[in-house]
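Scroll down for the structure; my scribbles are underneath it.
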Amino acid sequence: MTADDRPRPPVEHDDRVDGRDETRNERADRNWEELLQELRVMQTGTQILTGFLLAVAFTPRFEDMDVVQRDLYVVLVGLAAVATILALAPVGIHRALFGRRRKPELVRVAARIVKIDLVAIAALTVGVTTLIIDFTVDRAAGLIALVSSLVGILLLWMLLPLLVRRETGAGRRDGED
């Protein structure tokens, strides 16, 4: 069988179409680096929100929170812990697989974890915004902040990428661009 007789990958998975000339491992290395950059941004935001939440409990006004606000606060602290754990999971998996030539699988799993972490961070961001507005203004303003934050995230994190994907054609999935 000659090179011309071999079945070709679908056009959207053909490196010649996207202008890249990479092996599977080179693509995995590049995608891993891109995932790490995303994780760095996510981790910074999560650390800021977590630090804020932890500091709140030690302020004199913490006692002024009502039951709903305190319950939301506890949920948000738990969510911050989940977001932190998820953000660190790809690094832990990388350590466990280091030197075993499993980078493509690592990238696929890490990309899925990053997507789950984005959901946790979205919920954390919406919740912190809601808690702050609820506490400093009133419950109605807090609910408006909740809905506004949700709409903003849905538009920017879900609808906009969907529109870009549709405009540019179907892209690759699971850690590949």
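How things are named: the first chain in the structure tokens is A, the next is B, and so on; residues count from 1 in each chain; ligands count from 1 in the order shown.
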Name the residues in contact with stretch 152-156 of chain A at a cut-off of 12 Å, using only C-alpha atoms, excluding same-chain residues fewer than 2 positions from it; report them as a ChimeraX atom specification. /A:118-119,121-126,145-150,158-164
Find the residues around stretch 70-83 of chain A up to 8 Å (only C-alpha atoms counted), leave out those fewer than 4 positions away in its own chain, and share them as JSON, numbers by chain. {"A": [46, 49, 50, 53, 54, 65, 66, 87, 117, 120, 121, 123, 124, 127, 128, 131]}
Identify, on the basis of only C-alpha atoms, every residue whose closest approach to A:Ala110 does not exceed 12 Å; exclude the query and any residue fewer than 6 positions from it along the same chain; express the result as a PDB file with N, CA and C atoms, in the first residue's frame.
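Below you can see selection.pdb, which holds the result:
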```pdb
ATOM      1  N   ALA A  28      -0.023  17.507  20.952  1.00  0.00           N
ATOM      2  CA  ALA A  28      -0.335  17.338  22.377  1.00  0.00           C
ATOM      3  C   ALA A  28       0.513  18.288  23.228  1.00  0.00           C
ATOM      4  N   ASN A  31      -0.927  21.783  22.748  1.00  0.00           N
ATOM      5  CA  ASN A  31      -2.218  21.917  23.429  1.00  0.00           C
ATOM      6  C   ASN A  31      -2.053  21.908  24.944  1.00  0.00           C
ATOM      7  N   TRP A  32      -1.093  21.142  25.459  1.00  0.00           N
ATOM      8  CA  TRP A  32      -0.826  21.124  26.890  1.00  0.00           C
ATOM      9  C   TRP A  32      -0.367  22.513  27.347  1.00  0.00           C
ATOM     10  N   GLU A  33       0.518  23.138  26.581  1.00  0.00           N
ATOM     11  CA  GLU A  33       0.990  24.487  26.924  1.00  0.00           C
ATOM     12  C   GLU A  33      -0.172  25.486  26.926  1.00  0.00           C
ATOM     13  N   GLU A  34      -1.057  25.358  25.961  1.00  0.00           N
ATOM     14  CA  GLU A  34      -2.216  26.257  25.916  1.00  0.00           C
ATOM     15  C   GLU A  34      -3.140  26.016  27.107  1.00  0.00           C
ATOM     16  N   LEU A  35      -3.352  24.772  27.472  1.00  0.00           N
ATOM     17  CA  LEU A  35      -4.161  24.452  28.646  1.00  0.00           C
ATOM     18  C   LEU A  35      -3.538  25.029  29.921  1.00  0.00           C
ATOM     19  N   LEU A  36      -2.213  24.935  30.038  1.00  0.00           N
ATOM     20  CA  LEU A  36      -1.548  25.495  31.209  1.00  0.00           C
ATOM     21  C   LEU A  36      -1.752  26.999  31.304  1.00  0.00           C
ATOM     22  N   GLU A  38      -4.348  28.644  30.169  1.00  0.00           N
ATOM     23  CA  GLU A  38      -5.732  28.825  30.606  1.00  0.00           C
ATOM     24  C   GLU A  38      -5.856  28.566  32.102  1.00  0.00           C
ATOM     25  N   LEU A  39      -5.197  27.521  32.576  1.00  0.00           N
ATOM     26  CA  LEU A  39      -5.247  27.195  34.000  1.00  0.00           C
ATOM     27  C   LEU A  39      -4.640  28.307  34.847  1.00  0.00           C
ATOM     28  N   LEU A  86     -10.136  21.349  41.123  1.00  0.00           N
ATOM     29  CA  LEU A  86     -10.236  21.066  39.687  1.00  0.00           C
ATOM     30  C   LEU A  86      -9.089  21.721  38.914  1.00  0.00           C
ATOM     31  N   ALA A  87      -8.732  22.944  39.285  1.00  0.00           N
ATOM     32  CA  ALA A  87      -7.656  23.645  38.578  1.00  0.00           C
ATOM     33  C   ALA A  87      -6.311  22.961  38.789  1.00  0.00           C
ATOM     34  N   LEU A  88      -6.141  22.315  39.931  1.00  0.00           N
ATOM     35  CA  LEU A  88      -4.877  21.630  40.213  1.00  0.00           C
ATOM     36  C   LEU A  88      -4.846  20.194  39.697  1.00  0.00           C
ATOM     37  N   ALA A  89      -6.008  19.631  39.398  1.00  0.00           N
ATOM     38  CA  ALA A  89      -6.085  18.231  38.963  1.00  0.00           C
ATOM     39  C   ALA A  89      -5.224  17.922  37.733  1.00  0.00           C
ATOM     40  N   PRO A  90      -5.252  18.738  36.672  1.00  0.00           N
ATOM     41  CA  PRO A  90      -4.403  18.413  35.506  1.00  0.00           C
ATOM     42  C   PRO A  90      -2.915  18.344  35.847  1.00  0.00           C
ATOM     43  N   VAL A  91      -2.484  19.202  36.777  1.00  0.00           N
ATOM     44  CA  VAL A  91      -1.075  19.178  37.173  1.00  0.00           C
ATOM     45  C   VAL A  91      -0.771  17.882  37.919  1.00  0.00           C
ATOM     46  N   GLY A  92      -1.671  17.474  38.803  1.00  0.00           N
ATOM     47  CA  GLY A  92      -1.494  16.213  39.521  1.00  0.00           C
ATOM     48  C   GLY A  92      -1.486  15.018  38.583  1.00  0.00           C
ATOM     49  N   ILE A  93      -2.372  15.041  37.605  1.00  0.00           N
ATOM     50  CA  ILE A  93      -2.417  13.951  36.624  1.00  0.00           C
ATOM     51  C   ILE A  93      -1.131  13.935  35.800  1.00  0.00           C
ATOM     52  N   HIS A  94      -0.651  15.124  35.436  1.00  0.00           N
ATOM     53  CA  HIS A  94       0.604  15.212  34.680  1.00  0.00           C
ATOM     54  C   HIS A  94       1.747  14.596  35.475  1.00  0.00           C
ATOM     55  N   LYS A 103       0.885  11.958  26.895  1.00  0.00           N
ATOM     56  CA  LYS A 103       0.490  13.365  26.780  1.00  0.00           C
ATOM     57  C   LYS A 103      -0.820  13.560  26.017  1.00  0.00           C
ATOM     58  N   PRO A 104      -1.051  12.880  24.882  1.00  0.00           N
ATOM     59  CA  PRO A 104      -2.334  13.092  24.197  1.00  0.00           C
ATOM     60  C   PRO A 104      -3.546  12.762  25.090  1.00  0.00           C
ATOM     61  N   ILE A 116     -15.137  21.628  33.132  1.00  0.00           N
ATOM     62  CA  ILE A 116     -15.893  21.479  34.376  1.00  0.00           C
ATOM     63  C   ILE A 116     -15.514  22.595  35.347  1.00  0.00           C
ATOM     64  N   ASP A 117     -14.218  22.917  35.405  1.00  0.00           N
ATOM     65  CA  ASP A 117     -13.762  23.991  36.289  1.00  0.00           C
ATOM     66  C   ASP A 117     -14.350  25.338  35.881  1.00  0.00           C
ATOM     67  N   ASP A 174     -12.144  18.262  22.409  1.00  0.00           N
ATOM     68  CA  ASP A 174     -11.388  17.499  23.400  1.00  0.00           C
ATOM     69  C   ASP A 174      -9.901  17.846  23.412  1.00  0.00           C
ATOM     70  N   GLY A 175      -9.581  19.120  23.544  1.00  0.00           N
ATOM     71  CA  GLY A 175      -8.195  19.501  23.714  1.00  0.00           C
ATOM     72  C   GLY A 175      -7.425  19.745  22.446  1.00  0.00           C
ATOM     73  N   GLU A 176      -8.069  19.619  21.304  1.00  0.00           N
ATOM     74  CA  GLU A 176      -7.376  19.906  20.048  1.00  0.00           C
ATOM     75  C   GLU A 176      -8.038  21.121  19.417  1.00  0.00           C
TER      76      GLU A 176
END
```
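Distances to A:Gln47 were evaluated for A:Ile85, A:Ala140, A:Ile133, A:Leu97 using only C-alpha atoms, and the minimum falls at A:Ile85.
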Atom CA of A:Val56 to atom CA of A:Phe135, distance in Å rounded to a single decimal: 11.6 Å
Quick check for you: according to DSSP on this backbone, which residues of chain A are classed as helix (DSSP H, G or I)? Reply as a short mmCIF file (atom, residue, chain, number, x, y, z; two decimals) with N, CA and C atoms, in the first residue's frame.
```cif
data_model
loop_
_atom_site.label_atom_id
_atom_site.label_comp_id
_atom_site.auth_asym_id
_atom_site.auth_seq_id
_atom_site.Cartn_x
_atom_site.Cartn_y
_atom_site.Cartn_z
N VAL A 11 -11.40 16.06 6.64
CA VAL A 11 -10.77 17.35 6.34
C VAL A 11 -10.54 18.17 7.60
N GLU A 12 -11.50 18.19 8.54
CA GLU A 12 -11.34 19.03 9.73
C GLU A 12 -10.23 18.53 10.65
N HIS A 13 -9.75 17.29 10.46
CA HIS A 13 -8.67 16.75 11.28
C HIS A 13 -7.36 16.64 10.51
N ASP A 15 -4.01 18.07 9.19
CA ASP A 15 -3.10 19.17 9.48
C ASP A 15 -2.81 20.03 8.26
N ARG A 16 -2.90 19.45 7.08
CA ARG A 16 -2.63 20.25 5.89
C ARG A 16 -3.68 21.34 5.72
N VAL A 17 -4.89 21.11 6.22
CA VAL A 17 -5.97 22.10 6.08
C VAL A 17 -5.74 23.27 7.02
N ASP A 18 -5.30 23.02 8.28
CA ASP A 18 -5.13 24.12 9.22
C ASP A 18 -3.73 24.72 9.19
N ARG A 24 1.32 13.85 16.30
CA ARG A 24 0.33 13.75 17.38
C ARG A 24 0.94 14.25 18.70
N ASN A 25 2.19 13.91 18.96
CA ASN A 25 2.85 14.33 20.20
C ASN A 25 3.16 15.83 20.20
N GLU A 26 3.56 16.36 19.05
CA GLU A 26 3.81 17.81 18.98
C GLU A 26 2.53 18.58 19.23
N ARG A 27 1.42 18.11 18.65
CA ARG A 27 0.13 18.76 18.87
C ARG A 27 -0.25 18.67 20.35
N ALA A 28 -0.02 17.51 20.95
CA ALA A 28 -0.33 17.34 22.38
C ALA A 28 0.51 18.29 23.23
N ASP A 29 1.79 18.42 22.91
CA ASP A 29 2.66 19.35 23.65
C ASP A 29 2.14 20.78 23.53
N ARG A 30 1.78 21.18 22.32
CA ARG A 30 1.28 22.55 22.12
C ARG A 30 -0.04 22.76 22.85
N ASN A 31 -0.93 21.78 22.75
CA ASN A 31 -2.22 21.92 23.43
C ASN A 31 -2.05 21.91 24.94
N TRP A 32 -1.09 21.14 25.46
CA TRP A 32 -0.83 21.12 26.89
C TRP A 32 -0.37 22.51 27.35
N GLU A 33 0.52 23.14 26.58
CA GLU A 33 0.99 24.49 26.92
C GLU A 33 -0.17 25.49 26.93
N GLU A 34 -1.06 25.36 25.96
CA GLU A 34 -2.22 26.26 25.92
C GLU A 34 -3.14 26.02 27.11
N LEU A 35 -3.35 24.77 27.47
CA LEU A 35 -4.16 24.45 28.65
C LEU A 35 -3.54 25.03 29.92
N LEU A 36 -2.21 24.93 30.04
CA LEU A 36 -1.55 25.50 31.21
C LEU A 36 -1.75 27.00 31.30
N GLN A 37 -1.71 27.68 30.17
CA GLN A 37 -1.96 29.12 30.16
C GLN A 37 -3.39 29.42 30.65
N GLU A 38 -4.35 28.64 30.17
CA GLU A 38 -5.73 28.83 30.61
C GLU A 38 -5.86 28.57 32.10
N LEU A 39 -5.20 27.52 32.58
CA LEU A 39 -5.25 27.19 34.00
C LEU A 39 -4.64 28.31 34.85
N ARG A 40 -3.60 28.94 34.36
CA ARG A 40 -2.98 30.05 35.10
C ARG A 40 -3.97 31.20 35.28
N VAL A 41 -4.68 31.53 34.22
CA VAL A 41 -5.67 32.61 34.30
C VAL A 41 -6.80 32.21 35.26
N MET A 42 -7.29 30.99 35.11
CA MET A 42 -8.38 30.51 35.96
C MET A 42 -7.94 30.48 37.42
N GLN A 43 -6.74 30.03 37.67
CA GLN A 43 -6.26 29.91 39.04
C GLN A 43 -6.15 31.28 39.70
N THR A 44 -5.69 32.28 38.97
CA THR A 44 -5.58 33.62 39.54
C THR A 44 -6.94 34.14 39.96
N GLY A 45 -7.93 34.02 39.08
CA GLY A 45 -9.28 34.46 39.42
C GLY A 45 -9.85 33.71 40.60
N THR A 46 -9.64 32.41 40.62
CA THR A 46 -10.14 31.58 41.72
C THR A 46 -9.45 31.95 43.03
N GLN A 47 -8.16 32.19 42.99
CA GLN A 47 -7.44 32.58 44.21
C GLN A 47 -7.95 33.91 44.76
N ILE A 48 -8.23 34.86 43.89
CA ILE A 48 -8.75 36.15 44.34
C ILE A 48 -10.11 35.98 45.00
N LEU A 49 -11.00 35.23 44.35
CA LEU A 49 -12.33 35.01 44.92
C LEU A 49 -12.25 34.23 46.23
N THR A 50 -11.40 33.22 46.29
CA THR A 50 -11.25 32.42 47.50
C THR A 50 -10.68 33.27 48.64
N GLY A 51 -9.68 34.06 48.33
CA GLY A 51 -9.10 34.95 49.34
C GLY A 51 -10.13 35.93 49.89
N PHE A 52 -10.92 36.48 48.99
CA PHE A 52 -12.00 37.38 49.43
C PHE A 52 -12.94 36.65 50.38
N LEU A 53 -13.38 35.46 49.98
CA LEU A 53 -14.33 34.70 50.80
C LEU A 53 -13.74 34.36 52.17
N LEU A 54 -12.50 33.95 52.20
CA LEU A 54 -11.88 33.60 53.48
C LEU A 54 -11.73 34.82 54.38
N ALA A 55 -11.43 35.97 53.80
CA ALA A 55 -11.28 37.19 54.60
C ALA A 55 -12.61 37.66 55.18
N VAL A 56 -13.69 37.44 54.46
CA VAL A 56 -15.01 37.91 54.91
C VAL A 56 -15.37 37.36 56.29
N PRO A 60 -15.73 42.20 61.11
CA PRO A 60 -16.79 42.44 62.09
C PRO A 60 -18.20 42.36 61.48
N ARG A 61 -18.34 42.73 60.23
CA ARG A 61 -19.68 42.74 59.61
C ARG A 61 -20.18 41.35 59.24
N PHE A 62 -19.33 40.32 59.36
CA PHE A 62 -19.76 38.95 59.07
C PHE A 62 -20.96 38.58 59.92
N GLU A 63 -20.99 39.05 61.14
CA GLU A 63 -22.11 38.76 62.06
C GLU A 63 -23.41 39.40 61.58
N ASP A 64 -23.34 40.39 60.71
CA ASP A 64 -24.54 41.08 60.22
C ASP A 64 -25.23 40.31 59.09
N VAL A 67 -29.44 34.61 57.47
CA VAL A 67 -29.30 33.16 57.27
C VAL A 67 -29.05 32.83 55.80
N VAL A 68 -29.76 33.46 54.88
CA VAL A 68 -29.59 33.20 53.45
C VAL A 68 -28.18 33.57 53.01
N GLN A 69 -27.71 34.71 53.44
CA GLN A 69 -26.37 35.16 53.07
C GLN A 69 -25.30 34.23 53.63
N ARG A 70 -25.49 33.80 54.88
CA ARG A 70 -24.51 32.88 55.48
C ARG A 70 -24.51 31.53 54.79
N ASP A 71 -25.68 31.03 54.44
CA ASP A 71 -25.76 29.76 53.71
C ASP A 71 -25.08 29.89 52.35
N LEU A 72 -25.35 30.99 51.66
CA LEU A 72 -24.70 31.23 50.36
C LEU A 72 -23.19 31.30 50.54
N TYR A 73 -22.76 31.96 51.58
CA TYR A 73 -21.33 32.08 51.86
C TYR A 73 -20.68 30.70 52.02
N VAL A 74 -21.30 29.83 52.80
CA VAL A 74 -20.75 28.49 53.03
C VAL A 74 -20.70 27.70 51.72
N VAL A 75 -21.75 27.80 50.92
CA VAL A 75 -21.76 27.13 49.62
C VAL A 75 -20.63 27.66 48.75
N LEU A 76 -20.42 28.97 48.77
CA LEU A 76 -19.37 29.56 47.94
C LEU A 76 -17.97 29.15 48.40
N VAL A 77 -17.76 29.02 49.70
CA VAL A 77 -16.45 28.53 50.18
C VAL A 77 -16.22 27.11 49.68
N GLY A 78 -17.24 26.27 49.74
CA GLY A 78 -17.12 24.91 49.21
C GLY A 78 -16.86 24.91 47.71
N LEU A 79 -17.56 25.77 47.00
CA LEU A 79 -17.38 25.87 45.54
C LEU A 79 -15.97 26.37 45.20
N ALA A 80 -15.45 27.29 46.00
CA ALA A 80 -14.08 27.78 45.79
C ALA A 80 -13.08 26.64 45.97
N ALA A 81 -13.33 25.79 46.97
CA ALA A 81 -12.45 24.63 47.17
C ALA A 81 -12.52 23.68 45.98
N VAL A 82 -13.73 23.43 45.48
CA VAL A 82 -13.90 22.55 44.31
C VAL A 82 -13.18 23.14 43.10
N ALA A 83 -13.35 24.44 42.86
CA ALA A 83 -12.69 25.09 41.72
C ALA A 83 -11.18 25.00 41.84
N THR A 84 -10.65 25.16 43.04
CA THR A 84 -9.21 25.06 43.24
C THR A 84 -8.73 23.64 42.99
N ILE A 85 -9.44 22.67 43.50
CA ILE A 85 -9.07 21.26 43.30
C ILE A 85 -9.10 20.90 41.81
N LEU A 86 -10.14 21.35 41.12
CA LEU A 86 -10.24 21.07 39.69
C LEU A 86 -9.09 21.72 38.91
N ALA A 87 -8.73 22.94 39.28
CA ALA A 87 -7.66 23.65 38.58
C ALA A 87 -6.31 22.96 38.79
N LEU A 88 -6.14 22.32 39.93
CA LEU A 88 -4.88 21.63 40.21
C LEU A 88 -4.85 20.19 39.70
N ALA A 89 -6.01 19.63 39.40
CA ALA A 89 -6.08 18.23 38.96
C ALA A 89 -5.22 17.92 37.73
N PRO A 90 -5.25 18.74 36.67
CA PRO A 90 -4.40 18.41 35.51
C PRO A 90 -2.91 18.34 35.85
N VAL A 91 -2.48 19.20 36.78
CA VAL A 91 -1.07 19.18 37.17
C VAL A 91 -0.77 17.88 37.92
N GLY A 92 -1.67 17.47 38.80
CA GLY A 92 -1.49 16.21 39.52
C GLY A 92 -1.49 15.02 38.58
N ILE A 93 -2.37 15.04 37.61
CA ILE A 93 -2.42 13.95 36.62
C ILE A 93 -1.13 13.94 35.80
N HIS A 94 -0.65 15.12 35.44
CA HIS A 94 0.60 15.21 34.68
C HIS A 94 1.75 14.60 35.48
N ARG A 95 1.80 14.90 36.76
CA ARG A 95 2.86 14.32 37.61
C ARG A 95 2.76 12.81 37.63
N ALA A 96 1.54 12.28 37.73
CA ALA A 96 1.36 10.83 37.80
C ALA A 96 1.72 10.15 36.48
N LEU A 97 1.52 10.85 35.37
CA LEU A 97 1.79 10.26 34.05
C LEU A 97 3.13 10.67 33.46
N LYS A 103 0.89 11.96 26.89
CA LYS A 103 0.49 13.36 26.78
C LYS A 103 -0.82 13.56 26.02
N PRO A 104 -1.05 12.88 24.88
CA PRO A 104 -2.33 13.09 24.20
C PRO A 104 -3.55 12.76 25.09
N GLU A 105 -3.44 11.68 25.85
CA GLU A 105 -4.53 11.33 26.76
C GLU A 105 -4.66 12.36 27.88
N LEU A 106 -3.52 12.81 28.40
CA LEU A 106 -3.50 13.84 29.44
C LEU A 106 -4.21 15.10 28.95
N VAL A 107 -3.90 15.52 27.74
CA VAL A 107 -4.52 16.73 27.18
C VAL A 107 -6.03 16.56 27.07
N ARG A 108 -6.49 15.40 26.62
CA ARG A 108 -7.93 15.15 26.49
C ARG A 108 -8.63 15.23 27.84
N VAL A 109 -8.06 14.57 28.85
CA VAL A 109 -8.66 14.56 30.18
C VAL A 109 -8.59 15.96 30.80
N ALA A 110 -7.44 16.62 30.68
CA ALA A 110 -7.28 17.96 31.25
C ALA A 110 -8.24 18.95 30.61
N ALA A 111 -8.46 18.84 29.31
CA ALA A 111 -9.40 19.74 28.63
C ALA A 111 -10.81 19.58 29.20
N ARG A 112 -11.20 18.36 29.49
CA ARG A 112 -12.52 18.11 30.09
C ARG A 112 -12.59 18.69 31.50
N ILE A 113 -11.52 18.51 32.27
CA ILE A 113 -11.49 19.05 33.63
C ILE A 113 -11.58 20.57 33.59
N VAL A 114 -10.88 21.20 32.66
CA VAL A 114 -10.93 22.66 32.53
C VAL A 114 -12.36 23.13 32.23
N LYS A 115 -13.07 22.40 31.38
CA LYS A 115 -14.46 22.77 31.08
C LYS A 115 -15.32 22.67 32.34
N ILE A 116 -15.14 21.63 33.13
CA ILE A 116 -15.89 21.48 34.38
C ILE A 116 -15.51 22.59 35.35
N ASP A 117 -14.22 22.92 35.40
CA ASP A 117 -13.76 23.99 36.29
C ASP A 117 -14.35 25.34 35.88
N LEU A 118 -14.49 25.55 34.59
CA LEU A 118 -15.12 26.81 34.14
C LEU A 118 -16.55 26.93 34.65
N VAL A 119 -17.27 25.83 34.72
CA VAL A 119 -18.63 25.84 35.27
C VAL A 119 -18.57 26.20 36.75
N ALA A 120 -17.63 25.59 37.48
CA ALA A 120 -17.49 25.90 38.91
C ALA A 120 -17.11 27.36 39.12
N ILE A 121 -16.20 27.87 38.30
CA ILE A 121 -15.78 29.27 38.42
C ILE A 121 -16.92 30.22 38.05
N ALA A 122 -17.69 29.85 37.05
CA ALA A 122 -18.85 30.67 36.69
C ALA A 122 -19.82 30.75 37.86
N ALA A 123 -20.13 29.60 38.45
CA ALA A 123 -21.04 29.59 39.60
C ALA A 123 -20.46 30.38 40.76
N LEU A 124 -19.16 30.24 41.00
CA LEU A 124 -18.50 30.98 42.07
C LEU A 124 -18.56 32.48 41.82
N THR A 125 -18.29 32.90 40.61
CA THR A 125 -18.33 34.32 40.26
C THR A 125 -19.73 34.89 40.42
N VAL A 126 -20.72 34.18 39.91
CA VAL A 126 -22.12 34.62 40.05
C VAL A 126 -22.49 34.68 41.53
N GLY A 127 -22.11 33.67 42.28
CA GLY A 127 -22.46 33.63 43.70
C GLY A 127 -21.81 34.73 44.51
N VAL A 128 -20.52 34.99 44.27
CA VAL A 128 -19.83 36.06 45.01
C VAL A 128 -20.44 37.41 44.67
N THR A 129 -20.72 37.64 43.40
CA THR A 129 -21.35 38.90 42.99
C THR A 129 -22.71 39.05 43.66
N THR A 130 -23.48 37.99 43.65
CA THR A 130 -24.80 38.02 44.28
C THR A 130 -24.68 38.30 45.77
N LEU A 131 -23.77 37.61 46.45
CA LEU A 131 -23.60 37.81 47.89
C LEU A 131 -23.22 39.25 48.22
N ILE A 132 -22.28 39.79 47.49
CA ILE A 132 -21.83 41.16 47.77
C ILE A 132 -22.96 42.16 47.56
N ILE A 133 -23.67 42.06 46.44
CA ILE A 133 -24.76 43.00 46.16
C ILE A 133 -25.91 42.80 47.15
N ASP A 134 -26.23 41.55 47.46
CA ASP A 134 -27.29 41.26 48.43
C ASP A 134 -26.95 41.86 49.79
N PHE A 135 -25.71 41.72 50.22
CA PHE A 135 -25.28 42.20 51.54
C PHE A 135 -25.18 43.72 51.59
N THR A 136 -24.66 44.33 50.52
CA THR A 136 -24.42 45.78 50.57
C THR A 136 -25.62 46.61 50.13
N ARG A 139 -31.79 42.39 48.93
CA ARG A 139 -32.04 41.09 48.30
C ARG A 139 -32.47 41.26 46.84
N ALA A 140 -33.33 42.23 46.56
CA ALA A 140 -33.79 42.43 45.18
C ALA A 140 -32.61 42.76 44.26
N ALA A 141 -31.73 43.64 44.72
CA ALA A 141 -30.54 43.98 43.92
C ALA A 141 -29.64 42.76 43.76
N GLY A 142 -29.55 41.95 44.80
CA GLY A 142 -28.76 40.72 44.73
C GLY A 142 -29.30 39.77 43.68
N LEU A 143 -30.63 39.65 43.60
CA LEU A 143 -31.24 38.79 42.59
C LEU A 143 -31.02 39.34 41.19
N ILE A 144 -31.07 40.65 41.05
CA ILE A 144 -30.78 41.28 39.75
C ILE A 144 -29.32 41.00 39.36
N ALA A 145 -28.42 41.10 40.33
CA ALA A 145 -27.01 40.79 40.07
C ALA A 145 -26.84 39.34 39.66
N LEU A 146 -27.58 38.45 40.30
CA LEU A 146 -27.51 37.03 39.97
C LEU A 146 -27.92 36.80 38.52
N VAL A 147 -29.07 37.33 38.14
CA VAL A 147 -29.58 37.14 36.78
C VAL A 147 -28.65 37.81 35.76
N SER A 148 -28.20 39.02 36.06
CA SER A 148 -27.30 39.74 35.14
C SER A 148 -25.99 38.99 34.94
N SER A 149 -25.43 38.48 36.03
CA SER A 149 -24.17 37.71 35.93
C SER A 149 -24.37 36.44 35.12
N LEU A 150 -25.47 35.74 35.37
CA LEU A 150 -25.75 34.52 34.60
C LEU A 150 -25.90 34.83 33.11
N VAL A 151 -26.63 35.88 32.79
CA VAL A 151 -26.82 36.26 31.39
C VAL A 151 -25.48 36.62 30.76
N GLY A 152 -24.66 37.38 31.47
CA GLY A 152 -23.35 37.76 30.95
C GLY A 152 -22.48 36.55 30.66
N ILE A 153 -22.46 35.60 31.59
CA ILE A 153 -21.66 34.38 31.38
C ILE A 153 -22.22 33.56 30.23
N LEU A 154 -23.53 33.41 30.18
CA LEU A 154 -24.12 32.64 29.08
C LEU A 154 -23.81 33.27 27.72
N LEU A 155 -23.89 34.59 27.65
CA LEU A 155 -23.61 35.27 26.39
C LEU A 155 -22.14 35.17 26.00
N LEU A 156 -21.24 35.46 26.94
CA LEU A 156 -19.82 35.53 26.61
C LEU A 156 -19.12 34.17 26.60
N TRP A 157 -19.55 33.26 27.45
CA TRP A 157 -18.85 31.98 27.56
C TRP A 157 -19.49 30.89 26.74
N MET A 158 -20.77 31.04 26.38
CA MET A 158 -21.43 29.97 25.63
C MET A 158 -21.91 30.44 24.26
N LEU A 159 -22.67 31.50 24.21
CA LEU A 159 -23.24 31.94 22.93
C LEU A 159 -22.16 32.48 22.00
N LEU A 160 -21.29 33.33 22.48
CA LEU A 160 -20.24 33.91 21.62
C LEU A 160 -19.35 32.83 21.02
N PRO A 161 -18.82 31.87 21.81
CA PRO A 161 -18.02 30.80 21.18
C PRO A 161 -18.83 29.98 20.16
N LEU A 162 -20.10 29.76 20.45
CA LEU A 162 -20.96 29.04 19.51
C LEU A 162 -21.07 29.80 18.19
N LEU A 163 -21.25 31.11 18.27
CA LEU A 163 -21.34 31.93 17.06
C LEU A 163 -20.01 31.94 16.30
N VAL A 164 -18.91 32.04 17.02
CA VAL A 164 -17.59 32.03 16.36
C VAL A 164 -17.36 30.67 15.70
N ARG A 165 -17.70 29.59 16.40
CA ARG A 165 -17.53 28.25 15.84
C ARG A 165 -18.36 28.09 14.59
N ARG A 166 -19.59 28.56 14.64
CA ARG A 166 -20.48 28.45 13.47
C ARG A 166 -19.94 29.27 12.31
N GLU A 167 -19.42 30.47 12.61
CA GLU A 167 -18.90 31.35 11.57
C GLU A 167 -17.65 30.79 10.91
N THR A 168 -16.79 30.15 11.70
CA THR A 168 -15.53 29.65 11.16
C THR A 168 -15.58 28.18 10.78
#
```
